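Undergrad: The structure file entry_1.cif (mmCIF, C-alpha atoms and all ligand atoms) is provided below.
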```cif
data_target
#
loop_
_atom_site.label_atom_id
_atom_site.label_comp_id
_atom_site.auth_asym_id
_atom_site.auth_seq_id
_atom_site.Cartn_x
_atom_site.Cartn_y
_atom_site.Cartn_z
CA THR J 154 63.23 114.15 102.53
CA PRO J 155 65.50 113.06 99.65
CA THR J 156 67.76 115.55 97.90
CA ARG J 157 67.27 116.81 94.38
CA GLU J 158 70.36 114.83 93.31
CA PHE J 159 68.74 111.66 94.64
CA VAL J 160 65.53 112.39 92.74
CA THR J 161 67.41 113.12 89.50
CA GLY J 162 69.44 109.92 89.83
CA LEU J 163 66.34 107.79 90.28
CA PRO J 164 65.20 106.21 86.99
CA LYS J 165 61.68 107.45 86.26
CA ALA J 166 58.90 107.27 83.69
CA GLU J 167 56.95 110.41 82.78
CA LEU J 168 53.33 109.66 81.90
CA HIS J 169 51.57 113.05 81.93
CA LEU J 170 53.34 115.51 79.70
CA HIS J 171 51.81 117.69 76.99
CA LEU J 172 54.36 118.27 74.22
CA GLU J 173 52.75 121.63 73.43
CA GLY J 174 53.30 122.48 77.09
CA THR J 175 57.07 122.17 76.68
CA LEU J 176 57.35 125.24 74.41
CA GLU J 177 60.02 127.32 76.18
CA PRO J 178 60.20 131.06 75.41
CA ASP J 179 63.54 130.79 73.57
CA LEU J 180 62.26 128.09 71.21
CA LYS J 181 59.00 130.00 70.70
CA LEU J 182 60.99 133.06 69.59
CA ARG J 183 63.24 131.04 67.30
CA LEU J 184 60.30 129.29 65.59
CA ALA J 185 58.41 132.59 65.23
CA GLN J 186 61.42 134.14 63.53
CA ARG J 187 61.96 131.14 61.24
CA ASN J 188 58.30 131.04 60.20
CA GLY J 189 57.93 134.81 59.84
CA ILE J 190 55.27 135.10 62.55
CA ASP J 191 54.92 138.28 64.61
CA ILE J 192 54.09 137.08 68.13
CA GLY J 193 54.31 140.59 69.60
CA GLN J 194 57.44 139.94 71.69
CA THR J 195 61.12 139.95 70.74
CA THR J 196 62.95 138.83 73.90
CA VAL J 197 62.79 135.75 76.12
CA GLU J 198 61.83 137.96 79.06
CA GLU J 199 58.92 139.45 77.13
CA VAL J 200 57.66 136.00 76.09
CA ARG J 201 58.05 134.70 79.63
CA ALA J 202 55.97 137.60 80.91
CA THR J 203 53.06 136.37 78.73
CA TYR J 204 53.22 132.96 80.46
CA ALA J 205 51.06 134.26 83.31
CA PHE J 206 47.79 132.78 84.58
CA ASP J 207 45.97 131.87 87.78
CA SER J 208 43.34 129.39 86.60
CA LEU J 209 42.78 126.69 84.02
CA THR J 210 40.80 129.10 81.83
CA SER J 211 43.47 131.79 81.86
CA PHE J 212 46.15 129.13 81.24
CA LEU J 213 44.38 127.69 78.20
CA ALA J 214 43.90 131.24 76.84
CA VAL J 215 47.71 131.65 76.71
CA TYR J 216 48.49 128.04 75.77
CA TYR J 217 46.55 127.54 72.52
CA PRO J 218 47.48 130.85 70.80
CA ALA J 219 51.18 130.20 71.56
CA MET J 220 51.04 127.15 69.26
CA GLU J 221 50.80 129.28 66.11
CA VAL J 222 54.62 129.22 65.87
CA LEU J 223 54.46 125.45 65.25
CA GLN J 224 54.02 125.04 61.49
CA THR J 225 56.21 122.33 59.96
CA ALA J 226 57.19 118.76 60.81
CA ASP J 227 60.66 120.13 61.71
CA ASP J 228 59.07 122.51 64.25
CA PHE J 229 57.27 119.62 66.00
CA TYR J 230 60.47 117.58 65.85
CA GLU J 231 62.50 120.34 67.52
CA LEU J 232 59.91 120.87 70.23
CA ALA J 233 59.84 117.16 71.16
CA ASP J 234 63.61 116.75 70.84
CA ALA J 235 64.25 119.69 73.21
CA TYR J 236 61.85 118.20 75.76
CA LEU J 237 63.44 114.74 75.51
CA ALA J 238 66.91 116.20 76.14
CA ARG J 239 65.56 118.05 79.18
CA ALA J 240 63.72 114.97 80.48
CA ALA J 241 66.86 112.84 80.15
CA ALA J 242 68.71 115.34 82.37
CA ASP J 243 66.03 114.72 85.03
CA GLY J 244 66.56 110.94 84.98
CA VAL J 245 63.55 110.10 82.79
CA LYS J 246 64.07 106.74 81.04
CA HIS J 247 60.61 106.24 79.54
CA VAL J 248 58.00 108.80 78.50
CA GLU J 249 54.47 108.65 77.12
CA MET J 250 53.83 112.13 75.68
CA PHE J 251 50.48 113.76 74.91
CA PHE J 252 49.95 115.81 71.79
CA ASP J 253 46.89 117.79 70.63
CA PRO J 254 46.51 117.33 66.84
CA GLN J 255 43.28 119.35 66.69
CA ALA J 256 45.10 122.42 68.03
CA HIS J 257 47.15 122.28 64.83
CA THR J 258 44.83 120.82 62.17
CA SER J 259 42.29 123.52 63.11
CA ARG J 260 44.94 126.08 61.99
CA GLY J 261 45.55 124.31 58.70
CA VAL J 262 48.62 122.31 59.73
CA PRO J 263 48.42 118.79 58.23
CA PHE J 264 47.91 115.93 60.71
CA GLU J 265 50.81 114.17 59.03
CA ALA J 266 53.28 117.03 59.79
CA VAL J 267 52.37 116.89 63.47
CA VAL J 268 52.67 113.13 63.88
CA THR J 269 55.72 112.58 61.71
CA GLY J 270 57.64 115.47 63.34
CA TYR J 271 56.89 114.34 66.86
CA HIS J 272 57.45 110.69 66.00
CA ARG J 273 60.87 111.33 64.46
CA ALA J 274 62.02 112.82 67.77
CA ALA J 275 60.53 109.88 69.69
CA ALA J 276 62.16 107.31 67.39
CA GLU J 277 65.59 108.93 67.78
CA ALA J 278 65.29 109.39 71.54
CA PRO J 279 66.66 106.01 72.73
CA GLY J 280 69.93 106.48 70.81
CA LYS J 281 70.17 110.27 71.17
CA HIS J 282 68.96 110.82 74.74
CA GLY J 283 68.71 107.39 76.35
CA VAL J 284 64.94 107.80 76.66
CA ASP J 285 62.28 105.42 75.37
CA ALA J 286 59.53 107.71 73.99
CA HIS J 287 55.93 107.14 72.87
CA LEU J 288 52.99 109.30 71.75
CA ILE J 289 49.45 109.60 73.12
CA LEU J 290 46.96 111.42 70.88
CA CYS J 291 44.70 113.70 72.95
CA PHE J 292 41.29 114.88 71.80
CA LEU J 293 40.23 118.38 72.81
CA ARG J 294 37.11 117.86 74.93
CA ASP J 295 35.75 121.37 74.27
CA LEU J 296 35.48 120.49 70.57
CA SER J 297 32.75 118.17 69.28
CA ALA J 298 32.69 114.38 69.49
CA GLU J 299 32.47 114.44 65.66
CA SER J 300 35.75 116.35 65.46
CA ALA J 301 37.35 113.81 67.82
CA ALA J 302 36.01 110.95 65.68
CA GLU J 303 37.46 112.54 62.52
CA THR J 304 40.80 112.98 64.27
CA LEU J 305 40.77 109.34 65.38
CA GLU J 306 40.16 108.18 61.80
CA ALA J 307 42.95 110.49 60.55
CA SER J 308 45.29 108.68 62.95
CA VAL J 309 44.67 105.22 61.49
CA PRO J 310 47.43 105.43 58.83
CA PHE J 311 49.81 106.32 61.68
CA ARG J 312 48.52 103.66 64.07
CA ASP J 313 52.00 102.16 64.59
CA LYS J 314 53.36 105.56 65.69
CA ILE J 315 50.76 106.16 68.43
CA LEU J 316 50.46 104.17 71.67
CA GLY J 317 47.13 105.43 72.98
CA VAL J 318 44.55 108.19 73.14
CA GLY J 319 43.63 110.68 75.84
CA LEU J 320 41.27 113.59 76.48
CA ASP J 321 42.28 117.06 77.63
CA SER J 322 41.37 120.78 77.57
CA ASP J 323 38.38 122.29 79.40
CA GLU J 324 36.44 119.65 81.38
CA ARG J 325 33.57 121.96 82.31
CA ASP J 326 30.41 120.90 80.44
CA ASN J 327 32.50 118.30 78.59
CA PRO J 328 32.11 115.10 80.63
CA PRO J 329 33.63 111.75 79.59
CA GLN J 330 30.27 110.42 78.29
CA LYS J 331 30.52 112.89 75.38
CA PHE J 332 33.41 110.78 74.03
CA ALA J 333 32.22 107.26 74.93
CA ALA J 334 31.74 106.16 71.30
CA VAL J 335 35.08 107.67 70.18
CA PHE J 336 36.92 105.84 72.97
CA ALA J 337 35.11 102.56 72.20
CA ARG J 338 36.32 102.88 68.59
CA ALA J 339 39.84 103.75 69.77
CA ARG J 340 39.88 100.58 71.86
CA GLU J 341 38.81 98.56 68.78
CA LEU J 342 41.78 100.08 66.93
CA GLY J 343 44.08 98.74 69.64
CA TYR J 344 44.89 102.03 71.36
CA ARG J 345 45.44 102.25 75.11
CA LEU J 346 43.00 104.67 76.78
CA THR J 347 43.38 107.46 79.29
CA MET J 348 41.38 110.60 80.13
CA HIS J 349 41.98 113.74 82.14
CA CYS J 350 39.84 114.05 85.28
CA ASP J 351 41.19 117.45 86.30
CA ILE J 352 41.56 118.83 89.80
CA ASP J 353 38.44 120.25 91.51
CA GLN J 354 36.19 120.38 88.47
CA VAL J 355 32.42 120.51 88.87
CA GLY J 356 31.53 116.80 88.94
CA SER J 357 35.13 115.55 89.22
CA ILE J 358 34.15 112.53 91.31
CA ASP J 359 31.29 111.60 88.94
CA ASN J 360 33.65 111.89 85.98
CA ILE J 361 36.20 109.61 87.67
CA ARG J 362 33.44 107.04 88.27
CA THR J 363 32.39 107.29 84.62
CA VAL J 364 35.89 106.82 83.21
CA LEU J 365 36.34 103.72 85.39
CA ASP J 366 32.93 102.12 84.91
CA GLU J 367 31.77 103.24 81.46
CA ILE J 368 34.84 104.20 79.44
CA GLY J 369 37.13 101.52 80.88
CA VAL J 370 40.33 103.57 80.81
CA ASP J 371 43.76 102.03 81.39
CA ARG J 372 44.87 105.06 83.44
CA VAL J 373 43.47 108.36 84.76
CA ASP J 374 45.21 111.73 84.33
CA HIS J 375 45.13 113.67 87.62
CA GLY J 376 42.14 111.88 89.21
CA THR J 377 43.20 113.21 92.61
CA ASN J 378 39.58 114.01 93.56
CA VAL J 379 39.01 110.25 93.94
CA VAL J 380 39.84 110.88 97.63
CA GLU J 381 36.25 112.17 97.99
CA ASP J 382 34.91 108.60 97.70
CA PRO J 383 36.78 105.97 99.77
CA ALA J 384 34.93 103.13 98.02
CA LEU J 385 36.21 104.40 94.68
CA VAL J 386 39.74 104.67 96.11
CA ASP J 387 39.44 100.93 96.91
CA VAL J 388 38.44 100.19 93.31
CA VAL J 389 41.40 102.17 91.93
CA ARG J 390 43.80 100.42 94.32
CA GLU J 391 42.44 96.94 93.59
CA ARG J 392 42.61 97.45 89.82
CA GLY J 393 46.16 98.80 90.11
CA LEU J 394 45.02 101.77 88.03
CA GLY J 395 47.63 104.50 87.58
CA LEU J 396 46.84 108.12 88.50
CA THR J 397 49.13 110.67 86.83
CA CYS J 398 49.42 113.53 89.32
CA CYS J 399 51.06 116.88 88.56
CA PRO J 400 51.77 118.81 91.80
CA ILE J 401 53.18 122.06 90.37
CA SER J 402 50.43 122.23 87.73
CA ASN J 403 47.86 121.80 90.51
CA SER J 404 49.26 124.78 92.35
CA PHE J 405 48.71 126.96 89.26
CA VAL J 406 45.19 125.88 88.42
CA THR J 407 43.86 125.60 92.00
CA ASP J 408 46.35 127.41 94.30
CA ASP J 409 46.97 124.04 95.97
CA MET J 410 49.55 121.40 95.07
CA LYS J 411 47.20 118.77 96.58
CA ALA J 412 50.23 117.30 98.38
CA THR J 413 48.09 115.92 101.23
CA GLU J 414 45.76 114.13 98.81
CA ILE J 415 48.55 112.76 96.58
CA ALA J 416 50.66 111.57 99.53
CA GLY J 417 47.56 110.06 101.18
CA LEU J 418 46.79 108.06 98.05
CA LEU J 419 50.44 106.94 97.79
CA ARG J 420 50.46 105.83 101.43
CA SER J 421 47.20 103.91 100.99
CA GLY J 422 48.76 101.86 98.17
CA VAL J 423 47.21 103.57 95.14
CA ARG J 424 49.46 103.60 92.06
CA VAL J 425 50.02 107.38 92.00
CA THR J 426 52.73 108.89 89.80
CA VAL J 427 54.35 112.35 89.65
CA ASN J 428 54.60 114.26 86.37
CA SER J 429 55.14 117.76 84.98
CA ASP J 430 52.04 118.37 82.76
CA ASP J 431 53.10 121.63 80.99
CA PRO J 432 56.62 122.26 82.29
CA ALA J 433 57.48 125.32 80.15
CA TYR J 434 54.39 127.09 81.47
CA PHE J 435 54.35 125.89 85.08
CA GLY J 436 58.10 126.30 85.56
CA GLY J 437 59.02 122.80 86.66
CA TYR J 438 60.14 119.58 84.96
CA VAL J 439 59.56 116.18 86.51
CA ALA J 440 62.35 116.24 89.11
CA ASP J 441 61.08 119.65 90.32
CA ASN J 442 57.66 118.04 90.79
CA TYR J 443 59.10 115.14 92.84
CA VAL J 444 61.05 117.60 95.02
CA ALA J 445 58.07 119.94 95.49
CA LEU J 446 55.79 117.08 96.53
CA ALA J 447 58.44 115.46 98.74
CA GLU J 448 58.98 118.73 100.62
CA ALA J 449 55.30 119.61 100.92
CA ALA J 450 54.22 116.13 102.09
CA ASP J 451 57.42 115.24 103.97
CA LEU J 452 57.95 112.11 101.86
CA THR J 453 60.58 109.59 102.95
CA VAL J 454 63.24 108.26 100.58
CA ALA J 455 61.29 104.98 100.41
CA GLU J 456 58.12 106.84 99.40
CA VAL J 457 59.92 108.71 96.63
CA VAL J 458 61.36 105.40 95.39
CA GLN J 459 57.81 104.00 95.40
CA LEU J 460 56.64 106.93 93.23
CA ALA J 461 59.34 106.12 90.68
CA ARG J 462 58.42 102.40 90.76
CA ASN J 463 54.77 103.35 90.29
CA SER J 464 55.70 105.34 87.18
CA PHE J 465 56.98 102.19 85.46
CA GLU J 466 54.16 100.02 86.81
CA ALA J 467 51.54 102.47 85.51
CA SER J 468 53.30 102.83 82.15
CA TRP J 469 52.19 101.04 79.01
CA LEU J 470 55.52 99.28 78.59
CA GLY J 471 55.31 95.60 77.76
CA ASP J 472 55.81 93.31 80.76
CA SER J 473 59.34 92.27 79.82
CA GLN J 474 60.50 95.88 79.23
CA ARG J 475 58.80 96.96 82.45
CA ALA J 476 60.58 94.23 84.40
CA ALA J 477 63.93 95.73 83.35
CA TYR J 478 63.13 98.88 85.35
CA LEU J 479 61.65 97.26 88.50
C1 LIG J 501 46.20 121.14 80.28
CL1 LIG J 501 46.57 121.90 82.87
C2 LIG J 501 45.62 121.32 81.54
N1 LIG J 501 44.32 121.08 81.72
C3 LIG J 501 43.59 120.64 80.67
N2 LIG J 501 44.08 120.45 79.45
C4 LIG J 501 45.38 120.69 79.27
N3 LIG J 501 46.14 120.56 78.17
C5 LIG J 501 47.38 120.95 78.50
N4 LIG J 501 47.43 121.30 79.78
ZN ZN J 502 47.40 117.39 81.53
#
```
Please lay out the structure from this file as structure tokens.

TA:
Amino acid sequence: TPTREFVTGLPKAELHLHLEGTLEPDLKLRLAQRNGIDIGQTTVEEVRATYAFDSLTSFLAVYYPAMEVLQTADDFYELADAYLARAAADGVKHVEMFFDPQAHTSRGVPFEAVVTGYHRAAAEAPGKHGVDAHLILCFLRDLSAESAAETLEASVPFRDKILGVGLDSDERDNPPQKFAAVFARARELGYRLTMHCDIDQVGSIDNIRTVLDEIGVDRVDHGTNVVEDPALVDVVRERGLGLTCCPISNSFVTDDMKATEIAGLLRSGVRVTVNSDDPAYFGGYVADNYVALAEAADLTVAEVVQLARNSFEASWLGDSQRAAYL
């Protein structure tokens, strides 16, 4: 098993990271103070104590209300900039970051403040942190398809600041088909496409089949339940489709890191990657996730190197930029 120093020194891409999931307690307190919001806690320890959950539902119930401290473009900038500094320390060279505009526009924050704040941090990141950074707009799947469609149209003036679109939040009763038309339109607009197929959802395997066959995604977020259908594993391998796995996140939402499944997919030649999902909430950035998986699945140095290679191969870098990392 490789050491943490080895993992940190390995150049990596991070492909499954929710910017709103990087809100550390100290930044949350500082933004609350600056914006005059009473969040009910006054110390880092008190805020950290509220970051407690044992399921996806209980996680999302903490996660969305915490975002009220994010109000201005500067707030979004600071959140992303703090994450990018932290990612650079873990050896991340390229990142494709999710953000949830509807979690902010639904509170009256202008779409423009969200995108311009986040994008300013991304644009500065190569010079400031040595990280190439891009944005993926995620629709909230528990809101309506109409709301997603409106959000997609609101993004058009900012098309050059956004690399692709994704789908997150509560998968139960919100299958990929609900967003087929929105994703078809996003493809027409030139966006890359990905969708969450979360761990152990009701119908996970059917949803993975749908995103491959009907939506035509360029990547799948999580997607680990593909192991239930060996024929589908073959399809994913043959297409070279990236799966963005998040071991520490898995252990929070299902009590199981899914190390056996992730390592099995890696060893069978599927383009699996390791990512941190919501690091401020799950208590681990990307290097922690590599180390946790490597220890749990007894990965060799060569296998960990393959995970890092996969992260660039599954990224949406152009071919010439990608070649510089491989
Ligand atoms: C998420 Cl762990 C998880 N699941 C679904 N949606 C999310 N958004 C941020 N983290
Ligand atoms: Zn996620």

Undergrad: Which residues of chain J sit at most 8 Å from ligand ZN 502 (chain J), using only C-alpha atoms and all ligand atoms? Give each one's shortest atom pair and distance in Å (one decimal place), in chain and ascending residue order, as a tab-separated table.

TA:
```
residue	atom	partner	partner_atom	distance
J:His169	CA	J:ZN502	ZN	6.0
J:Leu170	CA	J:ZN502	ZN	6.5
J:His171	CA	J:ZN502	ZN	6.3
J:Asp321	CA	J:ZN502	ZN	6.4
J:Ser322	CA	J:ZN502	ZN	8.0
J:His349	CA	J:ZN502	ZN	6.6
J:Asp351	CA	J:ZN502	ZN	7.8
J:Asp374	CA	J:ZN502	ZN	6.7
J:His375	CA	J:ZN502	ZN	7.5
J:Cys399	CA	J:ZN502	ZN	7.9
J:Asp430	CA	J:ZN502	ZN	4.9
J:Asp431	CA	J:ZN502	ZN	7.1
```

Undergrad: Suppose you want the space between atom CA of Pro432 of chain J and atom CA of Ser402 of chain J; what is it in Å?

TA: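 Between these atoms lies a distance of 8.2 Å.
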
Undergrad: Nearest residue to Lys331 of chain J out of J:Asp451, J:Glu456, J:Glu299, J:Asp441, using all atoms listed in the file?

TA: J:Glu299

Undergrad: Can you work out the spacing between atom CA of Ser308 of chain J and atom CA of Tyr236 of chain J in Å, to one decimal?

TA: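 About the pair atom CA of Ser308 of chain J and atom CA of Tyr236 of chain J: they are 23.0 Å apart.
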
Undergrad: Residues within 12 Å of Pro279 of chain J, please, as an NGL selection string. Count only C-alpha atoms; anything in the same chain fewer than 3 positions from it doesn't count.

TA: :J and (234 or 237-238 or 241 or 245-248 or 273-276 or 282-287)

Undergrad: State, in Å with one decimal place, the distance from atom CA of Phe159 of chain J to atom CA of Val425 of chain J.

TA: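 Taking atom CA of Phe159 of chain J and atom CA of Val425 of chain J, their separation equals 19.4 Å.
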
Undergrad: When you count all atoms listed in the file, which of these residues is closest to Tyr434 of chain J: J:Gly376, J:Pro155, J:Pro164, J:Pro178?

TA: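 Ranking J:Gly376, J:Pro155, J:Pro164, J:Pro178 by distance to Tyr434 of chain J, first place goes to J:Pro178.
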
Undergrad: Between J:Ser468, J:Thr397, J:Thr304, J:Asn360, which is the closest to Leu385 of chain J once you count only C-alpha atoms?

TA: J:Asn360

Undergrad: Can you pull out the residues contacting Glu167 of chain J? Cut-off 8 Å, using all atoms listed in the file, and skip same-chain residues under 5 positions away; I want them as a ChimeraX atom specification.

TA: /J:245,247-250,427-429,439,464

Undergrad: Just checking: using all atoms listed in the file, which residue out of J:Tyr271, J:Phe332, J:Tyr230, J:Phe206 ends up closest to ligand LIG 501 (chain J)?

TA: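 Among the listed residues, the smallest separation from ligand LIG 501 (chain J) belongs to J:Phe206.
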
Undergrad: Can you spit out segment 313-363 of chain J with C-alpha atoms, as a PDB file, in the first residue's frame, from the structure just given?

TA:
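The resulting file, decode.pdb, is shown below:
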```pdb
ATOM      1  CA  ASP J 313     -18.172  29.985 -21.908  1.00  0.00           C
ATOM      2  CA  LYS J 314     -17.750  29.751 -18.113  1.00  0.00           C
ATOM      3  CA  ILE J 315     -19.368  26.313 -17.740  1.00  0.00           C
ATOM      4  CA  LEU J 316     -17.938  23.031 -19.052  1.00  0.00           C
ATOM      5  CA  GLY J 317     -20.877  20.700 -18.547  1.00  0.00           C
ATOM      6  CA  VAL J 318     -24.034  19.838 -16.650  1.00  0.00           C
ATOM      7  CA  GLY J 319     -24.815  17.208 -14.030  1.00  0.00           C
ATOM      8  CA  LEU J 320     -27.663  15.997 -11.833  1.00  0.00           C
ATOM      9  CA  ASP J 321     -27.558  15.597  -8.063  1.00  0.00           C
ATOM     10  CA  SER J 322     -29.616  15.629  -4.839  1.00  0.00           C
ATOM     11  CA  ASP J 323     -32.184  12.967  -3.902  1.00  0.00           C
ATOM     12  CA  GLU J 324     -32.384  10.197  -6.529  1.00  0.00           C
ATOM     13  CA  ARG J 325     -35.397   8.473  -4.981  1.00  0.00           C
ATOM     14  CA  ASP J 326     -38.455   8.952  -7.236  1.00  0.00           C
ATOM     15  CA  ASN J 327     -36.324  11.220  -9.459  1.00  0.00           C
ATOM     16  CA  PRO J 328     -34.955   8.915 -12.175  1.00  0.00           C
ATOM     17  CA  PRO J 329     -32.821  10.149 -15.093  1.00  0.00           C
ATOM     18  CA  GLN J 330     -35.777  10.006 -17.539  1.00  0.00           C
ATOM     19  CA  LYS J 331     -37.319  12.999 -15.729  1.00  0.00           C
ATOM     20  CA  PHE J 332     -34.483  15.138 -17.167  1.00  0.00           C
ATOM     21  CA  ALA J 333     -34.080  13.565 -20.631  1.00  0.00           C
ATOM     22  CA  ALA J 334     -35.305  16.654 -22.509  1.00  0.00           C
ATOM     23  CA  VAL J 335     -33.210  19.046 -20.379  1.00  0.00           C
ATOM     24  CA  PHE J 336     -30.077  16.990 -21.032  1.00  0.00           C
ATOM     25  CA  ALA J 337     -30.837  16.758 -24.768  1.00  0.00           C
ATOM     26  CA  ARG J 338     -31.033  20.571 -24.848  1.00  0.00           C
ATOM     27  CA  ALA J 339     -27.819  20.851 -22.806  1.00  0.00           C
ATOM     28  CA  ARG J 340     -26.055  18.662 -25.363  1.00  0.00           C
ATOM     29  CA  GLU J 341     -27.324  20.947 -28.166  1.00  0.00           C
ATOM     30  CA  LEU J 342     -25.793  23.883 -26.270  1.00  0.00           C
ATOM     31  CA  GLY J 343     -22.433  22.101 -26.347  1.00  0.00           C
ATOM     32  CA  TYR J 344     -22.262  21.088 -22.688  1.00  0.00           C
ATOM     33  CA  ARG J 345     -20.640  17.833 -21.586  1.00  0.00           C
ATOM     34  CA  LEU J 346     -23.066  15.595 -19.665  1.00  0.00           C
ATOM     35  CA  THR J 347     -22.853  13.646 -16.446  1.00  0.00           C
ATOM     36  CA  MET J 348     -25.400  12.404 -13.890  1.00  0.00           C
ATOM     37  CA  HIS J 349     -25.259  11.026 -10.379  1.00  0.00           C
ATOM     38  CA  CYS J 350     -26.253   7.365 -10.068  1.00  0.00           C
ATOM     39  CA  ASP J 351     -25.858   7.201  -6.296  1.00  0.00           C
ATOM     40  CA  ILE J 352     -24.867   4.210  -4.198  1.00  0.00           C
ATOM     41  CA  ASP J 353     -27.552   1.602  -3.402  1.00  0.00           C
ATOM     42  CA  GLN J 354     -30.576   3.601  -4.514  1.00  0.00           C
ATOM     43  CA  VAL J 355     -33.829   1.859  -5.369  1.00  0.00           C
ATOM     44  CA  GLY J 356     -33.360   1.151  -9.093  1.00  0.00           C
ATOM     45  CA  SER J 357     -29.664   2.108  -9.203  1.00  0.00           C
ATOM     46  CA  ILE J 358     -28.855  -0.445 -11.899  1.00  0.00           C
ATOM     47  CA  ASP J 359     -31.839   0.617 -14.048  1.00  0.00           C
ATOM     48  CA  ASN J 360     -30.799   4.256 -13.691  1.00  0.00           C
ATOM     49  CA  ILE J 361     -27.241   3.431 -14.784  1.00  0.00           C
ATOM     50  CA  ARG J 362     -28.633   1.641 -17.858  1.00  0.00           C
ATOM     51  CA  THR J 363     -30.826   4.654 -18.635  1.00  0.00           C
TER      52      THR J 363
END
```
